[in-house]
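What follows is the content of model-v2.txt, which has compact mmCIF, N, CA and C atoms:
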```
# COMPACT_ATOMS: atom_id res chain seq x y z
N MET A 157 223.66 102.18 -32.64
CA MET A 157 222.71 102.30 -31.55
C MET A 157 222.64 100.99 -30.77
N ASN A 158 222.48 99.87 -31.49
CA ASN A 158 222.37 98.59 -30.79
C ASN A 158 223.68 98.19 -30.13
N GLU A 159 224.80 98.62 -30.68
CA GLU A 159 226.09 98.37 -30.02
C GLU A 159 226.16 99.14 -28.70
N LYS A 160 225.63 100.37 -28.68
CA LYS A 160 225.57 101.14 -27.43
C LYS A 160 224.71 100.43 -26.40
N LEU A 161 223.56 99.91 -26.84
CA LEU A 161 222.69 99.18 -25.92
C LEU A 161 223.42 97.98 -25.33
N LYS A 162 224.09 97.21 -26.18
CA LYS A 162 224.83 96.03 -25.71
C LYS A 162 225.89 96.42 -24.68
N ALA A 163 226.59 97.52 -24.92
CA ALA A 163 227.65 97.95 -24.02
C ALA A 163 227.13 98.52 -22.71
N LEU A 164 225.96 99.13 -22.74
CA LEU A 164 225.45 99.86 -21.58
C LEU A 164 224.61 99.01 -20.64
N LEU A 165 223.78 98.12 -21.20
CA LEU A 165 222.81 97.41 -20.38
C LEU A 165 223.44 96.19 -19.71
N CYS A 166 222.99 95.93 -18.47
CA CYS A 166 223.55 94.84 -17.69
C CYS A 166 222.51 94.31 -16.70
N LYS A 167 222.50 92.99 -16.51
CA LYS A 167 221.51 92.33 -15.64
C LYS A 167 221.48 92.89 -14.23
N GLU A 168 222.61 93.31 -13.72
CA GLU A 168 222.70 93.76 -12.33
C GLU A 168 222.06 95.12 -12.08
N ASP A 169 221.69 95.83 -13.13
CA ASP A 169 221.21 97.19 -12.96
C ASP A 169 219.74 97.31 -12.56
N GLY A 170 218.97 96.28 -12.72
CA GLY A 170 217.56 96.34 -12.38
C GLY A 170 216.71 96.81 -13.55
N LEU A 171 215.43 96.56 -13.43
CA LEU A 171 214.49 96.82 -14.52
C LEU A 171 214.37 98.30 -14.87
N ILE A 172 214.14 99.15 -13.88
CA ILE A 172 213.92 100.57 -14.14
C ILE A 172 215.15 101.21 -14.75
N THR A 173 216.32 100.91 -14.20
CA THR A 173 217.56 101.46 -14.74
C THR A 173 217.78 101.00 -16.17
N THR A 174 217.55 99.73 -16.43
CA THR A 174 217.71 99.17 -17.77
C THR A 174 216.82 99.89 -18.77
N LEU A 175 215.54 100.04 -18.44
CA LEU A 175 214.61 100.68 -19.36
C LEU A 175 214.89 102.18 -19.50
N ALA A 176 215.29 102.83 -18.41
CA ALA A 176 215.60 104.26 -18.48
C ALA A 176 216.80 104.50 -19.39
N ASN A 177 217.85 103.71 -19.24
CA ASN A 177 219.01 103.88 -20.10
C ASN A 177 218.72 103.50 -21.54
N ALA A 178 217.92 102.47 -21.75
CA ALA A 178 217.54 102.08 -23.11
C ALA A 178 216.75 103.21 -23.78
N ALA A 179 215.81 103.80 -23.06
CA ALA A 179 215.03 104.92 -23.62
C ALA A 179 215.95 106.09 -23.96
N ALA A 180 216.92 106.36 -23.10
CA ALA A 180 217.84 107.46 -23.36
C ALA A 180 218.68 107.21 -24.61
N VAL A 181 219.21 105.99 -24.75
CA VAL A 181 220.01 105.66 -25.94
C VAL A 181 219.17 105.80 -27.20
N LEU A 182 217.98 105.23 -27.20
CA LEU A 182 217.12 105.30 -28.37
C LEU A 182 216.78 106.76 -28.71
N ASN A 183 216.49 107.55 -27.69
CA ASN A 183 216.16 108.96 -27.90
C ASN A 183 217.35 109.73 -28.49
N GLU A 184 218.56 109.43 -28.02
CA GLU A 184 219.76 110.09 -28.53
C GLU A 184 220.08 109.68 -29.97
N GLU A 185 219.83 108.44 -30.31
CA GLU A 185 220.29 107.89 -31.57
C GLU A 185 219.28 107.98 -32.72
N LEU A 186 218.01 108.04 -32.41
CA LEU A 186 216.99 108.06 -33.47
C LEU A 186 216.64 109.50 -33.84
N ASP A 187 216.58 109.76 -35.13
CA ASP A 187 216.22 111.08 -35.63
C ASP A 187 214.70 111.19 -35.80
N ASP A 188 214.22 112.41 -35.69
CA ASP A 188 212.83 112.72 -36.02
C ASP A 188 211.82 111.91 -35.22
N ILE A 189 212.08 111.83 -33.90
CA ILE A 189 211.09 111.21 -33.01
C ILE A 189 210.73 112.23 -31.93
N ASN A 190 209.55 112.05 -31.35
CA ASN A 190 209.14 112.94 -30.26
C ASN A 190 208.77 112.20 -28.99
N TRP A 191 208.84 110.86 -29.01
CA TRP A 191 208.58 110.08 -27.79
C TRP A 191 209.16 108.69 -27.98
N VAL A 192 209.83 108.20 -26.96
CA VAL A 192 210.32 106.82 -26.95
C VAL A 192 210.24 106.31 -25.52
N GLY A 193 209.70 105.12 -25.37
CA GLY A 193 209.61 104.58 -24.03
C GLY A 193 208.97 103.21 -24.00
N PHE A 194 208.60 102.83 -22.80
CA PHE A 194 208.13 101.48 -22.54
C PHE A 194 206.81 101.48 -21.77
N TYR A 195 206.02 100.47 -22.06
CA TYR A 195 204.86 100.13 -21.26
C TYR A 195 205.06 98.70 -20.82
N LEU A 196 204.80 98.41 -19.54
CA LEU A 196 204.94 97.05 -19.01
C LEU A 196 203.59 96.53 -18.55
N MET A 197 203.40 95.24 -18.73
CA MET A 197 202.15 94.59 -18.35
C MET A 197 202.06 94.49 -16.83
N HIS A 198 200.92 94.90 -16.31
CA HIS A 198 200.63 94.76 -14.88
C HIS A 198 199.14 94.49 -14.73
N GLU A 199 198.83 93.31 -14.23
CA GLU A 199 197.43 92.90 -14.03
C GLU A 199 196.62 93.07 -15.31
N GLY A 200 197.19 92.64 -16.43
CA GLY A 200 196.48 92.63 -17.70
C GLY A 200 196.36 93.95 -18.41
N VAL A 201 197.04 94.98 -17.92
CA VAL A 201 197.00 96.31 -18.51
C VAL A 201 198.44 96.79 -18.73
N LEU A 202 198.68 97.46 -19.85
CA LEU A 202 199.99 98.07 -20.06
C LEU A 202 200.07 99.34 -19.24
N ARG A 203 201.16 99.46 -18.47
CA ARG A 203 201.34 100.65 -17.63
C ARG A 203 202.64 101.36 -18.01
N LEU A 204 202.59 102.66 -17.96
CA LEU A 204 203.72 103.48 -18.33
C LEU A 204 204.96 103.12 -17.51
N ALA A 205 206.09 103.00 -18.21
CA ALA A 205 207.39 102.72 -17.61
C ALA A 205 208.36 103.80 -18.10
N PRO A 206 209.66 103.68 -17.87
CA PRO A 206 210.57 104.75 -18.28
C PRO A 206 210.42 105.17 -19.74
N PHE A 207 210.55 106.48 -19.96
CA PHE A 207 210.39 107.05 -21.31
C PHE A 207 211.13 108.36 -21.41
N GLN A 208 211.23 108.86 -22.63
CA GLN A 208 211.76 110.19 -22.92
C GLN A 208 210.73 110.88 -23.81
N GLY A 209 210.31 112.08 -23.43
CA GLY A 209 209.32 112.82 -24.20
C GLY A 209 208.32 113.48 -23.28
N LYS A 210 207.25 113.98 -23.89
CA LYS A 210 206.18 114.61 -23.12
C LYS A 210 205.46 113.58 -22.26
N SER A 211 204.68 114.08 -21.30
CA SER A 211 203.89 113.17 -20.45
C SER A 211 203.04 112.28 -21.35
N ALA A 212 202.70 111.10 -20.82
CA ALA A 212 202.08 110.07 -21.66
C ALA A 212 200.89 109.43 -20.97
N CYS A 213 200.16 108.66 -21.73
CA CYS A 213 199.06 107.86 -21.18
C CYS A 213 199.64 106.92 -20.13
N VAL A 214 198.94 106.75 -19.04
CA VAL A 214 199.44 105.95 -17.93
C VAL A 214 199.07 104.48 -18.09
N ARG A 215 197.85 104.20 -18.54
CA ARG A 215 197.37 102.83 -18.71
C ARG A 215 196.79 102.65 -20.11
N ILE A 216 197.10 101.47 -20.70
CA ILE A 216 196.54 101.14 -22.00
C ILE A 216 196.00 99.72 -21.93
N ALA A 217 194.74 99.56 -22.24
CA ALA A 217 194.11 98.24 -22.21
C ALA A 217 194.62 97.38 -23.36
N MET A 218 194.67 96.09 -23.13
CA MET A 218 195.04 95.16 -24.19
C MET A 218 194.07 95.31 -25.35
N GLY A 219 194.61 95.34 -26.57
CA GLY A 219 193.79 95.47 -27.76
C GLY A 219 193.41 96.89 -28.10
N ARG A 220 193.82 97.85 -27.29
CA ARG A 220 193.45 99.25 -27.51
C ARG A 220 194.64 100.03 -28.04
N GLY A 221 194.43 100.81 -29.08
CA GLY A 221 195.50 101.60 -29.66
C GLY A 221 196.58 100.72 -30.26
N VAL A 222 197.65 101.35 -30.72
CA VAL A 222 198.74 100.61 -31.34
C VAL A 222 199.46 99.75 -30.31
N CYS A 223 199.73 100.31 -29.14
CA CYS A 223 200.44 99.55 -28.10
C CYS A 223 199.65 98.33 -27.62
N GLY A 224 198.39 98.54 -27.29
CA GLY A 224 197.57 97.43 -26.81
C GLY A 224 197.35 96.36 -27.86
N THR A 225 197.26 96.77 -29.12
CA THR A 225 197.08 95.82 -30.22
C THR A 225 198.36 95.03 -30.45
N ALA A 226 199.52 95.71 -30.44
CA ALA A 226 200.80 95.02 -30.62
C ALA A 226 201.03 94.01 -29.50
N ALA A 227 200.70 94.39 -28.28
CA ALA A 227 200.88 93.47 -27.15
C ALA A 227 199.93 92.28 -27.26
N GLN A 228 198.67 92.54 -27.56
CA GLN A 228 197.68 91.47 -27.65
C GLN A 228 198.01 90.48 -28.77
N GLU A 229 198.47 91.00 -29.90
CA GLU A 229 198.75 90.15 -31.06
C GLU A 229 200.20 89.65 -31.09
N ASP A 230 201.02 90.14 -30.14
CA ASP A 230 202.44 89.79 -30.08
C ASP A 230 203.09 89.99 -31.45
N LYS A 231 202.94 91.22 -31.95
CA LYS A 231 203.39 91.54 -33.29
C LYS A 231 203.84 93.00 -33.34
N THR A 232 204.95 93.24 -34.03
CA THR A 232 205.41 94.62 -34.23
C THR A 232 204.44 95.35 -35.16
N TYR A 233 204.07 96.55 -34.77
CA TYR A 233 203.22 97.40 -35.60
C TYR A 233 204.00 98.63 -36.03
N LEU A 234 204.08 98.84 -37.32
CA LEU A 234 204.67 100.02 -37.92
C LEU A 234 203.51 100.78 -38.57
N VAL A 235 203.20 101.95 -38.03
CA VAL A 235 202.02 102.70 -38.48
C VAL A 235 202.48 104.01 -39.10
N ASN A 236 202.25 104.16 -40.39
CA ASN A 236 202.69 105.35 -41.12
C ASN A 236 201.89 106.59 -40.77
N ASP A 237 200.60 106.42 -40.46
CA ASP A 237 199.73 107.53 -40.08
C ASP A 237 198.81 107.05 -38.97
N VAL A 238 199.13 107.44 -37.74
CA VAL A 238 198.36 106.95 -36.59
C VAL A 238 196.89 107.36 -36.64
N HIS A 239 196.59 108.42 -37.37
CA HIS A 239 195.21 108.89 -37.44
C HIS A 239 194.33 107.93 -38.26
N ASP A 240 194.96 107.06 -39.02
CA ASP A 240 194.24 106.05 -39.78
C ASP A 240 194.13 104.72 -39.04
N PHE A 241 194.75 104.63 -37.86
CA PHE A 241 194.74 103.37 -37.11
C PHE A 241 193.48 103.32 -36.25
N PRO A 242 192.65 102.28 -36.43
CA PRO A 242 191.40 102.19 -35.65
C PRO A 242 191.68 102.15 -34.14
N GLY A 243 191.05 103.06 -33.42
CA GLY A 243 191.20 103.08 -31.97
C GLY A 243 192.48 103.73 -31.48
N HIS A 244 193.17 104.47 -32.35
CA HIS A 244 194.42 105.14 -31.94
C HIS A 244 194.17 105.99 -30.70
N ILE A 245 195.10 105.93 -29.77
CA ILE A 245 195.04 106.73 -28.55
C ILE A 245 195.98 107.92 -28.74
N ALA A 246 195.45 109.11 -28.72
CA ALA A 246 196.25 110.32 -28.97
C ALA A 246 196.76 110.89 -27.66
N CYS A 247 197.90 110.38 -27.18
CA CYS A 247 198.52 110.93 -25.98
C CYS A 247 199.18 112.27 -26.28
N ASP A 248 199.73 112.41 -27.50
CA ASP A 248 200.36 113.65 -27.93
C ASP A 248 199.87 113.94 -29.34
N CYS A 249 199.16 115.03 -29.51
CA CYS A 249 198.58 115.33 -30.82
C CYS A 249 199.65 115.62 -31.88
N ALA A 250 200.90 115.82 -31.47
CA ALA A 250 201.99 116.05 -32.43
C ALA A 250 202.49 114.75 -33.07
N SER A 251 202.13 113.61 -32.51
CA SER A 251 202.59 112.33 -33.05
C SER A 251 201.76 111.94 -34.26
N ASN A 252 202.44 111.55 -35.34
CA ASN A 252 201.76 111.16 -36.57
C ASN A 252 202.12 109.77 -37.06
N ALA A 253 203.28 109.25 -36.64
CA ALA A 253 203.70 107.90 -37.00
C ALA A 253 204.16 107.19 -35.73
N GLU A 254 204.08 105.86 -35.74
CA GLU A 254 204.41 105.11 -34.52
C GLU A 254 204.91 103.73 -34.90
N ILE A 255 205.83 103.23 -34.09
CA ILE A 255 206.25 101.84 -34.18
C ILE A 255 206.23 101.27 -32.77
N VAL A 256 205.67 100.08 -32.65
CA VAL A 256 205.55 99.41 -31.35
C VAL A 256 206.07 97.99 -31.50
N VAL A 257 207.01 97.62 -30.62
CA VAL A 257 207.62 96.30 -30.64
C VAL A 257 207.32 95.59 -29.32
N PRO A 258 206.69 94.42 -29.36
CA PRO A 258 206.42 93.67 -28.13
C PRO A 258 207.73 93.23 -27.45
N LEU A 259 207.69 93.19 -26.13
CA LEU A 259 208.81 92.73 -25.31
C LEU A 259 208.40 91.46 -24.60
N HIS A 260 209.35 90.54 -24.44
CA HIS A 260 209.04 89.22 -23.89
C HIS A 260 209.92 88.86 -22.70
N PHE A 261 209.38 88.02 -21.84
CA PHE A 261 210.17 87.36 -20.80
C PHE A 261 209.65 85.94 -20.69
N GLU A 262 210.56 85.00 -20.85
CA GLU A 262 210.22 83.57 -20.80
C GLU A 262 209.04 83.25 -21.72
N GLY A 263 209.07 83.82 -22.93
CA GLY A 263 208.08 83.52 -23.95
C GLY A 263 206.76 84.27 -23.85
N GLU A 264 206.57 85.06 -22.82
CA GLU A 264 205.33 85.82 -22.62
C GLU A 264 205.55 87.29 -22.95
N VAL A 265 204.54 87.93 -23.55
CA VAL A 265 204.61 89.38 -23.75
C VAL A 265 204.46 90.04 -22.40
N ILE A 266 205.45 90.87 -22.05
CA ILE A 266 205.41 91.55 -20.74
C ILE A 266 205.40 93.07 -20.91
N GLY A 267 205.39 93.53 -22.16
CA GLY A 267 205.36 94.96 -22.39
C GLY A 267 205.65 95.29 -23.83
N VAL A 268 205.84 96.58 -24.09
CA VAL A 268 206.15 97.04 -25.44
C VAL A 268 207.16 98.18 -25.40
N LEU A 269 207.92 98.29 -26.47
CA LEU A 269 208.73 99.45 -26.78
C LEU A 269 207.89 100.29 -27.75
N ASP A 270 207.70 101.55 -27.43
CA ASP A 270 206.83 102.43 -28.22
C ASP A 270 207.63 103.66 -28.65
N ILE A 271 207.59 103.98 -29.94
CA ILE A 271 208.30 105.15 -30.45
C ILE A 271 207.37 105.92 -31.38
N ASP A 272 207.28 107.23 -31.16
CA ASP A 272 206.42 108.11 -31.95
C ASP A 272 207.26 109.13 -32.71
N SER A 273 206.72 109.58 -33.84
CA SER A 273 207.35 110.62 -34.64
C SER A 273 206.29 111.63 -35.07
N PRO A 274 206.68 112.90 -35.21
CA PRO A 274 205.75 113.89 -35.74
C PRO A 274 205.59 113.78 -37.26
N THR A 275 206.44 112.97 -37.91
CA THR A 275 206.45 112.87 -39.36
C THR A 275 205.74 111.60 -39.84
N LYS A 276 204.70 111.77 -40.63
CA LYS A 276 204.00 110.61 -41.21
C LYS A 276 204.99 109.80 -42.05
N GLY A 277 204.89 108.48 -41.95
CA GLY A 277 205.75 107.60 -42.73
C GLY A 277 207.19 107.56 -42.26
N ARG A 278 207.46 108.02 -41.06
CA ARG A 278 208.83 108.12 -40.55
C ARG A 278 209.55 106.77 -40.46
N PHE A 279 208.84 105.71 -40.09
CA PHE A 279 209.48 104.43 -39.80
C PHE A 279 209.46 103.51 -41.02
N SER A 280 210.60 102.86 -41.25
CA SER A 280 210.78 101.98 -42.40
C SER A 280 210.87 100.52 -41.95
N GLU A 281 210.89 99.63 -42.92
CA GLU A 281 211.11 98.21 -42.62
C GLU A 281 212.49 98.02 -41.99
N GLU A 282 213.46 98.81 -42.42
CA GLU A 282 214.80 98.74 -41.81
C GLU A 282 214.73 99.15 -40.34
N ASP A 283 213.97 100.21 -40.03
CA ASP A 283 213.78 100.61 -38.63
C ASP A 283 213.15 99.46 -37.84
N LYS A 284 212.18 98.80 -38.44
CA LYS A 284 211.49 97.69 -37.77
C LYS A 284 212.50 96.61 -37.39
N ILE A 285 213.34 96.23 -38.32
CA ILE A 285 214.34 95.19 -38.06
C ILE A 285 215.31 95.64 -36.97
N THR A 286 215.79 96.88 -37.06
CA THR A 286 216.73 97.41 -36.08
C THR A 286 216.11 97.48 -34.69
N LEU A 287 214.87 97.95 -34.61
CA LEU A 287 214.22 98.10 -33.30
C LEU A 287 213.79 96.75 -32.72
N GLU A 288 213.49 95.79 -33.55
CA GLU A 288 213.23 94.45 -33.04
C GLU A 288 214.52 93.87 -32.45
N GLU A 289 215.66 94.16 -33.09
CA GLU A 289 216.94 93.75 -32.52
C GLU A 289 217.20 94.48 -31.19
N SER A 290 216.87 95.76 -31.14
CA SER A 290 217.00 96.52 -29.88
C SER A 290 216.19 95.85 -28.78
N ALA A 291 214.98 95.46 -29.10
CA ALA A 291 214.12 94.80 -28.11
C ALA A 291 214.75 93.51 -27.61
N ARG A 292 215.34 92.73 -28.52
CA ARG A 292 215.98 91.47 -28.12
C ARG A 292 217.18 91.73 -27.21
N ILE A 293 217.93 92.81 -27.48
CA ILE A 293 219.06 93.17 -26.62
C ILE A 293 218.56 93.53 -25.23
N ILE A 294 217.52 94.32 -25.16
CA ILE A 294 216.94 94.71 -23.87
C ILE A 294 216.45 93.46 -23.13
N GLU A 295 215.76 92.59 -23.83
CA GLU A 295 215.26 91.35 -23.20
C GLU A 295 216.40 90.49 -22.67
N SER A 296 217.55 90.51 -23.33
CA SER A 296 218.66 89.63 -22.96
C SER A 296 219.25 89.94 -21.59
N VAL A 297 218.99 91.13 -21.06
CA VAL A 297 219.53 91.47 -19.74
C VAL A 297 218.50 91.34 -18.63
N TRP A 298 217.29 90.90 -18.97
CA TRP A 298 216.28 90.72 -17.94
C TRP A 298 216.52 89.43 -17.20
N CYS A 299 216.10 89.41 -15.97
CA CYS A 299 216.20 88.19 -15.18
C CYS A 299 214.96 88.06 -14.28
N ARG A 300 214.80 86.93 -13.68
CA ARG A 300 213.62 86.59 -12.87
C ARG A 300 213.37 87.65 -11.79
N GLU A 301 214.41 88.22 -11.20
CA GLU A 301 214.22 89.21 -10.13
C GLU A 301 213.46 90.44 -10.59
N PHE A 302 213.49 90.69 -11.90
CA PHE A 302 212.76 91.86 -12.41
C PHE A 302 211.26 91.64 -12.35
N PHE A 303 210.82 90.38 -12.43
CA PHE A 303 209.39 90.13 -12.61
C PHE A 303 208.81 89.34 -11.50
```
For this file, produce the structure as structure tokens.
Amino acid sequence: MNEKLKALLCKEDGLITTLANAAAVLNEELDDINWVGFYLMHEGVLRLAPFQGKSACVRIAMGRGVCGTAAQEDKTYLVNDVHDFPGHIACDCASNAEIVVPLHFEGEVIGVLDIDSPTKGRFSEEDKITLEESARIIESVWCREFF
């Protein structure tokens, strides 16, 4: 999966194209997921960016839900049962597990990679390591013109 990302993504393609193709690769390669996509920071709020899956929440406040908490704390969150996560935002009632990886530009959190699964406990520590590497690959093709 990460080799596909490395081969496909390129600085010249622009932010939306980069995130759209990254979401498509992740959606194709990951099993047992029902949503994969990105939220980007805009005026202190995470806003929906390219994704694959059902319609989603458009804005997420910092510190709210798994995405807002991961962004605020600049930390990957692997949640085995989202219904046990304080303040979970239920955009899709079919989602039961979630992993959120912060994305950076020039040392600042500028968004998150968010992946949901209908299966509780779907994501492992190995998934966390792989998806953090995916995030670093995506970050490597960003440039100042994007932001």
- [ ] Find the residues near Thr232 of chain A: any atom within 9 Å, counting only C-alpha atoms, skip ones fewer than 2 places away on the same chain, and give them as a PyMOL selection string.
- [x] chain A and resi 226-227+229-230+234+255-258+284+288
Task: Contact residues around Met197 of chain A with all atoms listed in the file at 5 Å, ignoring same-chain residues under 5 positions, as an NGL selection string - done: :A and (202-203 or 266-267)
Expected file contents, prior selection, N, CA and C atoms, as a compact mmCIF listing (two decimals), keeping the file's coordinate frame:
```txt
# COMPACT_ATOMS: atom_id res chain seq x y z
N LEU A 202 198.68 97.46 -19.85
CA LEU A 202 199.99 98.07 -20.06
C LEU A 202 200.07 99.34 -19.24
N ARG A 203 201.16 99.46 -18.47
CA ARG A 203 201.34 100.65 -17.63
C ARG A 203 202.64 101.36 -18.01
N ILE A 266 205.45 90.87 -22.05
CA ILE A 266 205.41 91.55 -20.74
C ILE A 266 205.40 93.07 -20.91
N GLY A 267 205.39 93.53 -22.16
CA GLY A 267 205.36 94.96 -22.39
C GLY A 267 205.65 95.29 -23.83
```
Open item on the list: What does the structure give for the distance between atom C of Val235 of chain A and atom CA of Glu254 of chain A, in Å to one decimal?
Closed with: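 Answer for the atom C of Val235 of chain A to atom CA of Glu254 of chain A separation: 5.1 Å.
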Open item on the list: Considering only N, CA and C atoms, can you say which of A:Thr286, A:Val222, A:Pro242, A:Phe261 comes closest to Trp298 of chain A?
Closed with: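 Counting only N, CA and C atoms, the residue closest to Trp298 of chain A is A:Phe261.
Nearest residue to Ala163 of chain A, choosing from A:Val297, A:Phe302, A:Arg215, A:Asp270 and counting only C-alpha atoms: A:Val297.
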- [ ] Name the closest residue to Val238 of chain A among the candidates A:Leu186, A:Leu196, A:Ala253, A:Ala180; distances are taken between atoms, counting only N, CA and C atoms.
- [x]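 Counting only N, CA and C atoms, the residue closest to Val238 of chain A is A:Ala253.
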Task: Residue among A:Cys249, A:Met157, A:Leu182, A:Leu204 lying closest to Cys223 of chain A, counting only C-alpha atoms - done: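 Result for the nearest residue to Cys223 of chain A: A:Leu204.
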- [ ] Counting all atoms listed in the file, figure out which residue out of A:Arg278, A:Asp283, A:Phe207, A:Val265 gets nearest to Leu175 of chain A.
- [x]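 Ranking A:Arg278, A:Asp283, A:Phe207, A:Val265 by distance to Leu175 of chain A, first place goes to A:Phe207.
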- [ ] Tell me, in Å to one decimal, how far atom C of Ser296 of chain A is from atom N of Arg220 of chain A.
- [x] 27.2 Å
All heavy atoms modelled onto segment 253-260 of chain A, as a tab-separated table (two decimals), keeping the file's coordinate frame:
```
chain	number	residue	atom	x	y	z
A	253	ALA	N	203.28	109.25	-36.64
A	253	ALA	CA	203.70	107.90	-37.00
A	253	ALA	C	204.16	107.19	-35.73
A	253	ALA	O	204.58	107.85	-34.76
A	253	ALA	CB	204.83	107.93	-38.02
A	254	GLU	N	204.08	105.86	-35.74
A	254	GLU	CA	204.41	105.11	-34.52
A	254	GLU	C	204.91	103.73	-34.90
A	254	GLU	O	204.47	103.13	-35.88
A	254	GLU	CB	203.15	105.00	-33.66
A	254	GLU	CG	203.33	104.35	-32.33
A	254	GLU	CD	202.09	104.49	-31.44
A	254	GLU	OE1	201.03	104.92	-31.93
A	254	GLU	OE2	202.19	104.14	-30.25
A	255	ILE	N	205.83	103.23	-34.09
A	255	ILE	CA	206.25	101.84	-34.18
A	255	ILE	C	206.23	101.27	-32.77
A	255	ILE	O	206.67	101.92	-31.83
A	255	ILE	CB	207.63	101.68	-34.86
A	255	ILE	CG1	207.93	100.19	-35.09
A	255	ILE	CG2	208.72	102.38	-34.11
A	255	ILE	CD1	209.08	99.94	-36.04
A	256	VAL	N	205.67	100.08	-32.65
A	256	VAL	CA	205.55	99.41	-31.35
A	256	VAL	C	206.07	97.99	-31.50
A	256	VAL	O	205.62	97.25	-32.37
A	256	VAL	CB	204.10	99.41	-30.84
A	256	VAL	CG1	204.00	98.67	-29.51
A	256	VAL	CG2	203.57	100.83	-30.71
A	257	VAL	N	207.01	97.62	-30.62
A	257	VAL	CA	207.62	96.30	-30.64
A	257	VAL	C	207.32	95.59	-29.32
A	257	VAL	O	207.65	96.11	-28.25
A	257	VAL	CB	209.15	96.40	-30.82
A	257	VAL	CG1	209.78	95.01	-30.87
A	257	VAL	CG2	209.51	97.22	-32.05
A	258	PRO	N	206.69	94.42	-29.36
A	258	PRO	CA	206.42	93.67	-28.13
A	258	PRO	C	207.73	93.23	-27.45
A	258	PRO	O	208.73	92.95	-28.12
A	258	PRO	CB	205.65	92.44	-28.61
A	258	PRO	CG	205.09	92.83	-29.92
A	258	PRO	CD	206.09	93.77	-30.53
A	259	LEU	N	207.69	93.19	-26.13
A	259	LEU	CA	208.81	92.73	-25.31
A	259	LEU	C	208.40	91.46	-24.60
A	259	LEU	O	207.25	91.33	-24.16
A	259	LEU	CB	209.19	93.80	-24.30
A	259	LEU	CG	209.63	95.14	-24.90
A	259	LEU	CD1	209.68	96.21	-23.83
A	259	LEU	CD2	210.97	95.00	-25.59
A	260	HIS	N	209.35	90.54	-24.44
A	260	HIS	CA	209.04	89.22	-23.89
A	260	HIS	C	209.92	88.86	-22.70
A	260	HIS	O	211.05	89.32	-22.61
A	260	HIS	CB	209.25	88.15	-24.96
A	260	HIS	CG	208.47	88.39	-26.19
A	260	HIS	ND1	208.95	89.17	-27.23
A	260	HIS	CD2	207.23	87.97	-26.57
A	260	HIS	CE1	208.04	89.23	-28.19
A	260	HIS	NE2	206.99	88.51	-27.82
```
